[in-house]
Every structure is written in C-alpha cells, then in structure tokens.
$ cat coords12.txt   # compact mmCIF, N, CA and C atoms
# COMPACT_ATOMS: atom_id res chain seq x y z
N GLN A 1 20.88 -43.79 -37.88
CA GLN A 1 21.08 -45.21 -37.60
C GLN A 1 20.80 -46.01 -38.87
N VAL A 2 21.65 -46.96 -39.15
CA VAL A 2 21.47 -47.75 -40.36
C VAL A 2 20.37 -48.79 -40.17
N GLN A 3 19.86 -49.24 -41.27
CA GLN A 3 19.00 -50.43 -41.31
C GLN A 3 19.76 -51.50 -42.08
N LEU A 4 19.58 -52.74 -41.66
CA LEU A 4 20.32 -53.85 -42.24
C LEU A 4 19.37 -54.87 -42.85
N VAL A 5 19.71 -55.35 -44.03
CA VAL A 5 18.92 -56.39 -44.69
C VAL A 5 19.86 -57.49 -45.16
N GLU A 6 19.66 -58.70 -44.64
CA GLU A 6 20.43 -59.85 -45.07
C GLU A 6 19.79 -60.51 -46.28
N SER A 7 20.62 -61.16 -47.08
CA SER A 7 20.12 -61.92 -48.22
C SER A 7 21.11 -63.03 -48.54
N GLY A 8 20.66 -63.95 -49.38
CA GLY A 8 21.54 -65.01 -49.83
C GLY A 8 21.29 -66.36 -49.19
N GLY A 9 20.39 -66.42 -48.24
CA GLY A 9 20.09 -67.70 -47.61
C GLY A 9 19.27 -68.59 -48.52
N GLY A 10 19.09 -69.82 -48.07
CA GLY A 10 18.30 -70.77 -48.85
C GLY A 10 18.64 -72.18 -48.48
N LEU A 11 18.24 -73.09 -49.35
CA LEU A 11 18.50 -74.52 -49.14
C LEU A 11 19.73 -74.92 -49.96
N VAL A 12 20.70 -75.49 -49.30
CA VAL A 12 21.93 -75.92 -49.97
C VAL A 12 22.29 -77.33 -49.52
N GLN A 13 23.04 -78.02 -50.34
CA GLN A 13 23.49 -79.36 -49.99
C GLN A 13 24.76 -79.31 -49.16
N ALA A 14 24.90 -80.28 -48.31
CA ALA A 14 26.11 -80.39 -47.51
C ALA A 14 27.33 -80.46 -48.44
N GLY A 15 28.37 -79.79 -48.03
CA GLY A 15 29.59 -79.73 -48.83
C GLY A 15 29.67 -78.53 -49.74
N GLY A 16 28.55 -77.88 -49.93
CA GLY A 16 28.53 -76.71 -50.80
C GLY A 16 28.99 -75.45 -50.10
N SER A 17 28.93 -74.35 -50.85
CA SER A 17 29.33 -73.04 -50.32
C SER A 17 28.19 -72.06 -50.50
N LEU A 18 28.26 -71.01 -49.73
CA LEU A 18 27.20 -70.01 -49.77
C LEU A 18 27.79 -68.67 -49.38
N ARG A 19 27.32 -67.61 -50.01
CA ARG A 19 27.72 -66.27 -49.60
C ARG A 19 26.49 -65.47 -49.20
N LEU A 20 26.48 -65.05 -47.98
CA LEU A 20 25.42 -64.19 -47.48
C LEU A 20 25.85 -62.73 -47.57
N SER A 21 24.89 -61.88 -47.80
CA SER A 21 25.15 -60.44 -47.86
C SER A 21 24.30 -59.72 -46.83
N CYS A 22 24.80 -58.64 -46.36
CA CYS A 22 24.06 -57.77 -45.44
C CYS A 22 24.29 -56.35 -45.92
N THR A 23 23.22 -55.72 -46.41
CA THR A 23 23.33 -54.40 -46.98
C THR A 23 22.70 -53.37 -46.06
N ALA A 24 23.42 -52.30 -45.86
CA ALA A 24 22.98 -51.24 -44.96
C ALA A 24 22.42 -50.06 -45.74
N SER A 25 21.46 -49.39 -45.13
CA SER A 25 20.91 -48.17 -45.70
C SER A 25 20.58 -47.20 -44.57
N GLY A 26 20.53 -45.94 -44.93
CA GLY A 26 20.07 -44.94 -43.98
C GLY A 26 21.08 -44.42 -43.00
N GLY A 27 22.33 -44.77 -43.18
CA GLY A 27 23.32 -44.28 -42.23
C GLY A 27 24.72 -44.40 -42.79
N ALA A 28 25.68 -44.05 -41.98
CA ALA A 28 27.09 -44.09 -42.40
C ALA A 28 27.66 -45.47 -42.10
N PHE A 29 27.60 -46.33 -43.08
CA PHE A 29 28.00 -47.73 -42.90
C PHE A 29 29.42 -47.86 -42.39
N SER A 30 30.31 -47.03 -42.90
CA SER A 30 31.73 -47.17 -42.55
C SER A 30 32.04 -46.76 -41.12
N THR A 31 31.08 -46.23 -40.42
CA THR A 31 31.29 -45.87 -39.00
C THR A 31 30.92 -47.02 -38.07
N TYR A 32 30.51 -48.15 -38.65
CA TYR A 32 30.10 -49.30 -37.85
C TYR A 32 31.03 -50.48 -38.07
N ALA A 33 31.43 -51.10 -36.98
CA ALA A 33 31.96 -52.45 -37.08
C ALA A 33 30.76 -53.37 -37.31
N MET A 34 31.01 -54.48 -37.98
CA MET A 34 29.91 -55.36 -38.36
C MET A 34 30.18 -56.78 -37.88
N GLY A 35 29.11 -57.49 -37.60
CA GLY A 35 29.26 -58.86 -37.15
C GLY A 35 28.23 -59.77 -37.79
N TRP A 36 28.57 -61.05 -37.81
CA TRP A 36 27.63 -62.08 -38.25
C TRP A 36 27.37 -63.03 -37.09
N PHE A 37 26.13 -63.44 -37.00
CA PHE A 37 25.68 -64.32 -35.93
C PHE A 37 24.76 -65.37 -36.53
N ARG A 38 24.52 -66.42 -35.79
CA ARG A 38 23.52 -67.39 -36.24
C ARG A 38 22.80 -67.97 -35.04
N GLN A 39 21.58 -68.42 -35.32
CA GLN A 39 20.79 -69.06 -34.29
C GLN A 39 20.15 -70.30 -34.87
N ALA A 40 20.60 -71.44 -34.39
CA ALA A 40 20.06 -72.72 -34.84
C ALA A 40 18.78 -73.02 -34.07
N PRO A 41 17.93 -73.88 -34.62
CA PRO A 41 16.68 -74.22 -33.93
C PRO A 41 16.94 -74.73 -32.52
N GLY A 42 16.27 -74.14 -31.56
CA GLY A 42 16.39 -74.57 -30.17
C GLY A 42 17.66 -74.14 -29.46
N LYS A 43 18.46 -73.33 -30.11
CA LYS A 43 19.72 -72.90 -29.51
C LYS A 43 19.77 -71.38 -29.41
N GLU A 44 20.69 -70.91 -28.60
CA GLU A 44 20.87 -69.47 -28.46
C GLU A 44 21.67 -68.92 -29.64
N ARG A 45 21.52 -67.64 -29.85
CA ARG A 45 22.27 -66.98 -30.90
C ARG A 45 23.76 -67.01 -30.55
N GLU A 46 24.58 -67.30 -31.56
CA GLU A 46 26.02 -67.36 -31.35
C GLU A 46 26.75 -66.46 -32.33
N LEU A 47 27.89 -65.99 -31.89
CA LEU A 47 28.73 -65.16 -32.74
C LEU A 47 29.47 -66.03 -33.75
N ILE A 48 29.48 -65.59 -34.99
CA ILE A 48 30.35 -66.19 -35.99
C ILE A 48 31.64 -65.40 -36.07
N GLY A 49 31.53 -64.12 -36.25
CA GLY A 49 32.71 -63.27 -36.31
C GLY A 49 32.34 -61.83 -36.52
N ALA A 50 33.37 -61.00 -36.55
CA ALA A 50 33.17 -59.57 -36.71
C ALA A 50 34.29 -58.97 -37.55
N ILE A 51 34.02 -57.79 -38.07
CA ILE A 51 35.00 -57.12 -38.91
C ILE A 51 35.04 -55.65 -38.54
N THR A 52 36.22 -55.08 -38.58
CA THR A 52 36.38 -53.68 -38.21
C THR A 52 35.75 -52.75 -39.23
N LYS A 53 35.68 -51.48 -38.88
CA LYS A 53 35.02 -50.50 -39.75
C LYS A 53 35.67 -50.41 -41.12
N SER A 54 36.97 -50.52 -41.15
CA SER A 54 37.69 -50.41 -42.42
C SER A 54 37.74 -51.73 -43.17
N GLY A 55 37.47 -52.82 -42.46
CA GLY A 55 37.61 -54.14 -43.05
C GLY A 55 39.01 -54.70 -42.93
N GLY A 56 39.87 -53.97 -42.24
CA GLY A 56 41.25 -54.39 -42.16
C GLY A 56 41.52 -55.55 -41.23
N SER A 57 40.61 -55.77 -40.29
CA SER A 57 40.80 -56.86 -39.34
C SER A 57 39.50 -57.60 -39.11
N THR A 58 39.65 -58.90 -38.87
CA THR A 58 38.49 -59.72 -38.59
C THR A 58 38.73 -60.55 -37.33
N TYR A 59 37.65 -60.96 -36.72
CA TYR A 59 37.68 -61.82 -35.53
C TYR A 59 36.67 -62.93 -35.76
N TYR A 60 37.08 -64.15 -35.44
CA TYR A 60 36.19 -65.29 -35.62
C TYR A 60 36.08 -66.09 -34.32
N ALA A 61 34.89 -66.59 -34.08
CA ALA A 61 34.72 -67.51 -32.97
C ALA A 61 35.48 -68.80 -33.26
N ASP A 62 36.03 -69.41 -32.23
CA ASP A 62 36.83 -70.62 -32.42
C ASP A 62 36.02 -71.73 -33.08
N SER A 63 34.74 -71.76 -32.82
CA SER A 63 33.91 -72.86 -33.32
C SER A 63 33.71 -72.83 -34.83
N VAL A 64 34.02 -71.69 -35.47
CA VAL A 64 33.72 -71.58 -36.90
C VAL A 64 34.95 -71.22 -37.73
N LYS A 65 36.09 -71.17 -37.10
CA LYS A 65 37.29 -70.81 -37.85
C LYS A 65 37.51 -71.76 -39.01
N ASP A 66 38.09 -71.25 -40.07
CA ASP A 66 38.51 -71.99 -41.26
C ASP A 66 37.42 -72.18 -42.29
N ARG A 67 36.16 -72.19 -41.91
CA ARG A 67 35.11 -72.39 -42.90
C ARG A 67 34.30 -71.14 -43.19
N PHE A 68 34.52 -70.09 -42.42
CA PHE A 68 33.75 -68.86 -42.57
C PHE A 68 34.70 -67.69 -42.83
N THR A 69 34.32 -66.82 -43.75
CA THR A 69 35.11 -65.64 -44.04
C THR A 69 34.19 -64.42 -44.11
N ILE A 70 34.55 -63.41 -43.35
CA ILE A 70 33.79 -62.17 -43.34
C ILE A 70 34.59 -61.11 -44.09
N SER A 71 33.90 -60.37 -44.93
CA SER A 71 34.51 -59.26 -45.65
C SER A 71 33.48 -58.15 -45.79
N ARG A 72 33.94 -56.99 -46.19
CA ARG A 72 33.01 -55.89 -46.38
C ARG A 72 33.46 -55.02 -47.53
N ASP A 73 32.49 -54.35 -48.14
CA ASP A 73 32.75 -53.39 -49.20
C ASP A 73 32.04 -52.11 -48.79
N ASN A 74 32.78 -51.18 -48.27
CA ASN A 74 32.15 -49.94 -47.78
C ASN A 74 31.56 -49.11 -48.91
N ALA A 75 32.08 -49.27 -50.11
CA ALA A 75 31.51 -48.53 -51.25
C ALA A 75 30.12 -49.05 -51.60
N LYS A 76 29.84 -50.31 -51.26
CA LYS A 76 28.54 -50.91 -51.53
C LYS A 76 27.69 -51.03 -50.26
N ASN A 77 28.22 -50.52 -49.14
CA ASN A 77 27.49 -50.60 -47.87
C ASN A 77 27.08 -52.03 -47.54
N THR A 78 27.97 -52.95 -47.80
CA THR A 78 27.63 -54.36 -47.66
C THR A 78 28.73 -55.12 -46.94
N VAL A 79 28.31 -56.03 -46.07
CA VAL A 79 29.22 -56.98 -45.44
C VAL A 79 28.80 -58.38 -45.88
N TYR A 80 29.80 -59.22 -46.06
CA TYR A 80 29.56 -60.56 -46.60
C TYR A 80 29.99 -61.63 -45.60
N LEU A 81 29.34 -62.78 -45.71
CA LEU A 81 29.75 -63.96 -44.98
C LEU A 81 29.84 -65.10 -45.99
N GLN A 82 31.04 -65.56 -46.23
CA GLN A 82 31.27 -66.70 -47.11
C GLN A 82 31.39 -67.94 -46.25
N ILE A 83 30.62 -68.96 -46.59
CA ILE A 83 30.65 -70.20 -45.83
C ILE A 83 31.06 -71.33 -46.77
N TYR A 84 32.04 -72.08 -46.37
CA TYR A 84 32.55 -73.20 -47.16
C TYR A 84 32.21 -74.51 -46.48
N SER A 85 32.20 -75.57 -47.28
CA SER A 85 32.01 -76.93 -46.75
C SER A 85 30.84 -76.99 -45.78
N LEU A 86 29.70 -76.56 -46.24
CA LEU A 86 28.52 -76.49 -45.38
C LEU A 86 28.15 -77.86 -44.82
N LYS A 87 27.69 -77.84 -43.58
CA LYS A 87 27.26 -79.04 -42.88
C LYS A 87 25.82 -78.88 -42.43
N PRO A 88 25.11 -79.97 -42.23
CA PRO A 88 23.74 -79.84 -41.69
C PRO A 88 23.70 -79.04 -40.39
N ALA A 89 24.77 -79.12 -39.59
CA ALA A 89 24.82 -78.37 -38.33
C ALA A 89 24.89 -76.86 -38.55
N ASP A 90 25.14 -76.44 -39.78
CA ASP A 90 25.16 -75.00 -40.08
C ASP A 90 23.74 -74.46 -40.33
N THR A 91 22.76 -75.33 -40.33
CA THR A 91 21.38 -74.89 -40.50
C THR A 91 21.00 -73.93 -39.37
N ALA A 92 20.58 -72.74 -39.75
CA ALA A 92 20.29 -71.70 -38.76
C ALA A 92 19.74 -70.47 -39.48
N VAL A 93 19.27 -69.54 -38.68
CA VAL A 93 19.00 -68.20 -39.19
C VAL A 93 20.26 -67.37 -38.95
N TYR A 94 20.72 -66.74 -40.00
CA TYR A 94 21.96 -65.96 -39.93
C TYR A 94 21.60 -64.47 -39.87
N TYR A 95 22.20 -63.79 -38.91
CA TYR A 95 21.93 -62.38 -38.68
C TYR A 95 23.21 -61.56 -38.83
N CYS A 96 23.08 -60.38 -39.35
CA CYS A 96 24.18 -59.43 -39.24
C CYS A 96 23.80 -58.38 -38.21
N GLY A 97 24.82 -57.76 -37.67
CA GLY A 97 24.61 -56.73 -36.67
C GLY A 97 25.65 -55.65 -36.82
N ALA A 98 25.32 -54.47 -36.34
CA ALA A 98 26.20 -53.32 -36.46
C ALA A 98 26.34 -52.61 -35.13
N ASP A 99 27.54 -52.19 -34.85
CA ASP A 99 27.78 -51.40 -33.66
C ASP A 99 29.05 -50.59 -33.88
N PRO A 100 29.09 -49.38 -33.33
CA PRO A 100 30.32 -48.59 -33.49
C PRO A 100 31.54 -49.22 -32.81
N ILE A 101 31.29 -50.11 -31.86
CA ILE A 101 32.37 -50.70 -31.06
C ILE A 101 32.50 -52.18 -31.37
N LEU A 102 33.64 -52.57 -31.90
CA LEU A 102 33.87 -53.97 -32.28
C LEU A 102 33.70 -54.91 -31.09
N HIS A 103 34.19 -54.48 -29.93
CA HIS A 103 34.12 -55.35 -28.75
C HIS A 103 32.68 -55.71 -28.40
N THR A 104 31.77 -54.79 -28.62
CA THR A 104 30.36 -55.08 -28.33
C THR A 104 29.86 -56.22 -29.21
N LEU A 105 30.26 -56.24 -30.46
CA LEU A 105 29.88 -57.32 -31.36
C LEU A 105 30.43 -58.66 -30.87
N VAL A 106 31.63 -58.62 -30.34
CA VAL A 106 32.29 -59.86 -29.92
C VAL A 106 31.63 -60.44 -28.66
N VAL A 107 31.15 -59.60 -27.78
CA VAL A 107 30.65 -60.08 -26.48
C VAL A 107 29.14 -60.10 -26.36
N VAL A 108 28.42 -59.58 -27.33
CA VAL A 108 26.98 -59.37 -27.16
C VAL A 108 26.23 -60.67 -26.88
N THR A 109 26.70 -61.78 -27.42
CA THR A 109 25.97 -63.04 -27.20
C THR A 109 26.30 -63.67 -25.86
N THR A 110 27.29 -63.16 -25.16
CA THR A 110 27.66 -63.71 -23.86
C THR A 110 27.47 -62.74 -22.72
N ASP A 111 27.31 -61.47 -23.00
CA ASP A 111 27.12 -60.45 -21.97
C ASP A 111 25.70 -59.91 -22.10
N LYS A 112 24.82 -60.32 -21.20
CA LYS A 112 23.42 -59.94 -21.27
C LYS A 112 23.20 -58.45 -21.09
N ALA A 113 24.20 -57.75 -20.59
CA ALA A 113 24.07 -56.31 -20.40
C ALA A 113 24.31 -55.53 -21.69
N LYS A 114 24.79 -56.24 -22.70
CA LYS A 114 25.13 -55.59 -23.96
C LYS A 114 24.06 -55.84 -25.01
N ASP A 115 23.92 -54.92 -25.91
CA ASP A 115 23.11 -55.13 -27.10
C ASP A 115 23.71 -54.31 -28.22
N LEU A 116 23.46 -54.75 -29.44
CA LEU A 116 23.97 -54.02 -30.58
C LEU A 116 23.07 -52.84 -30.91
N GLU A 117 23.66 -51.88 -31.59
CA GLU A 117 22.87 -50.73 -32.01
C GLU A 117 21.84 -51.13 -33.06
N VAL A 118 22.23 -52.06 -33.94
CA VAL A 118 21.34 -52.45 -35.03
C VAL A 118 21.48 -53.95 -35.29
N TRP A 119 20.35 -54.61 -35.49
CA TRP A 119 20.32 -56.00 -35.93
C TRP A 119 19.57 -56.07 -37.27
N GLY A 120 19.99 -57.00 -38.11
CA GLY A 120 19.19 -57.32 -39.28
C GLY A 120 18.08 -58.28 -38.91
N GLN A 121 17.23 -58.59 -39.87
CA GLN A 121 16.08 -59.45 -39.60
C GLN A 121 16.40 -60.93 -39.79
N GLY A 122 17.54 -61.21 -40.37
CA GLY A 122 17.97 -62.60 -40.51
C GLY A 122 17.64 -63.20 -41.86
N THR A 123 18.45 -64.16 -42.26
CA THR A 123 18.19 -64.94 -43.46
C THR A 123 18.42 -66.41 -43.12
N ARG A 124 17.51 -67.25 -43.56
CA ARG A 124 17.55 -68.66 -43.15
C ARG A 124 18.40 -69.47 -44.10
N VAL A 125 19.26 -70.29 -43.51
CA VAL A 125 20.08 -71.22 -44.28
C VAL A 125 19.74 -72.63 -43.82
N THR A 126 19.40 -73.48 -44.77
CA THR A 126 19.11 -74.87 -44.47
C THR A 126 20.06 -75.74 -45.27
N VAL A 127 20.78 -76.60 -44.58
CA VAL A 127 21.75 -77.47 -45.24
C VAL A 127 21.23 -78.90 -45.20
N SER A 128 21.05 -79.48 -46.36
CA SER A 128 20.55 -80.85 -46.45
C SER A 128 21.71 -81.83 -46.55
N SER A 129 21.51 -82.99 -45.98
CA SER A 129 22.57 -84.00 -46.00
C SER A 129 22.48 -84.88 -47.22
$ encode --input "coords12.txt" --output "structure tokens"
Amino acid sequence: QVQLVESGGGLVQAGGSLRLSCTASGGAFSTYAMGWFRQAPGKERELIGAITKSGGSTYYADSVKDRFTISRDNAKNTVYLQIYSLKPADTAVYYCGADPILHTLVVVTTDKAKDLEVWGQGTRVTVSS
C-alpha cells in the first residue's frame, strides 16, 4: 500500500496560482487512480477531481471546472493539482487520495459506505483577499 505526502500549500494572494504535489512511496503508484479533495473550515470534504492510472483521463467536479487541473507523472510517483485564479473561497486543506478504482474516488465524498484505500495528510492553502 502506498503512502501519500502532499506539499505546496501555503499563503497566497487572491488571483494567484498554486501547484500542489502529492508524492507516493512504498507501493506501485501506477496501479492507483488518484484524486484531489479539499475541506474548507466548517465544511465537509469535497471532491475536486480525479485522474486515471495512466493519466489519460481526468474527471472534475462541476464546482471547480476551468480553474483546476490534475496531472500525474508516474515516473516521479507524483500527482499534481494546479489551481488558477485563486479565490478566498479556495481556502481549505487539500488532500490527495488513492484507490485502484476511479469510481470510488469520484463518489467517496457522497457515499458514506465508501472509503479510499489511502489518504494523504493534507496541505493547507490560505488565500488572502
């Protein structure tokens, strides 16, 4: 089973961009579909999007389309989340997650019966106005 470590969070100004990374160790990264999630203060964790094992396809939640891009580099065991035009409402802890099944990543925040095989510990992003 892989372990996941997110990085790249911090304090940024509204309108700026940020790239978060999630690096895996201890397992076969390319056998996992990967997802990014976030949890804002006082809110439930929400899906941002997911990417297939090969990186050939991505899925994004409707609420974040156009400003978020997920990519992965299997040679570096890393998945990325690029965020553009940051807003104060993007302030949250950002998590990556891994599961062999892409559908599980897509539904895990809405189906209480589901859980991912692996979660990262999160990286905090704070957007100042």
$ select_by_dssp --input "coords12.txt" --residues "chain A" --states "strand (DSSP E or B)" --output "ChimeraX atom specification"
/A:3-7,10-13,18-25,33-39,46-51,58-60,68-73,78-83,92-99,118-119,123-128
$ atom_distance --input "coords12.txt" --atom1 "atom N of A:Lys53" --atom2 "atom C of A:Ser21"
16.1 Å
$ closest_residue --input "coords12.txt" --among "A:Lys43, A:Ala33, A:Cys22, A:Val125" --to "A:Ser7" --atoms "all atoms listed in the file"
A:Cys22
$ closest_residue --input "coords12.txt" --among "A:Ala28, A:Val127, A:Ala113, A:Ile70" --to "A:Lys87" --atoms "only C-alpha atoms"
A:Val127
$ closest_residue --input "coords12.txt" --among "A:Val79, A:Gln3, A:Tyr95, A:Val106" --to "A:Asp62" --atoms "only C-alpha atoms"
A:Val106
$ residues_near_point --input "coords12.txt" --point "(20.6, -44.3, -40.4)" --cutoff "6 Å" --atoms "only N, CA and C atoms" --output "CSV table (one decimal) with N, CA and C atoms, in the frame of the given file"
chain,number,residue,atom,x,y,z
A,1,GLN,N,20.9,-43.8,-37.9
A,1,GLN,CA,21.1,-45.2,-37.6
A,1,GLN,C,20.8,-46.0,-38.9
A,2,VAL,N,21.6,-47.0,-39.2
A,2,VAL,CA,21.5,-47.8,-40.4
A,2,VAL,C,20.4,-48.8,-40.2
A,3,GLN,N,19.9,-49.2,-41.3
A,3,GLN,CA,19.0,-50.4,-41.3
A,3,GLN,C,19.8,-51.5,-42.1
A,25,SER,N,21.5,-49.4,-45.1
A,25,SER,CA,20.9,-48.2,-45.7
A,25,SER,C,20.6,-47.2,-44.6
A,26,GLY,N,20.5,-45.9,-44.9
A,26,GLY,CA,20.1,-44.9,-44.0
A,26,GLY,C,21.1,-44.4,-43.0
A,27,GLY,N,22.3,-44.8,-43.2
A,27,GLY,CA,23.3,-44.3,-42.2
A,27,GLY,C,24.7,-44.4,-42.8
A,28,ALA,N,25.7,-44.0,-42.0
A,28,ALA,CA,27.1,-44.1,-42.4
A,28,ALA,C,27.7,-45.5,-42.1
$ residues_near_point --input "coords12.txt" --point "(25.4, -66.1, -55.5)" --cutoff "8 Å" --atoms "only N, CA and C atoms" --output "ChimeraX atom specification"
/A:8,18-20
$ closest_residue --input "coords12.txt" --among "A:Gly9, A:Leu47, A:Ala40, A:Ser30" --to "A:Thr109" --atoms "all atoms listed in the file"
A:Leu47
$ residues_around --input "coords12.txt" --residues "A:Gly122" --least-positions-apart "6" --cutoff "7 Å" --atoms "all atoms listed in the file" --output "count of residues only"
7
$ closest_residue --input "coords12.txt" --among "A:Ile51, A:Ala24, A:Ala92, A:Leu102" --to "A:Gln39" --atoms "all atoms listed in the file"
A:Ala92
$ atom_distance --input "coords12.txt" --atom1 "atom C of A:Gln121" --atom2 "atom CA of A:Gly97"
9.7 Å
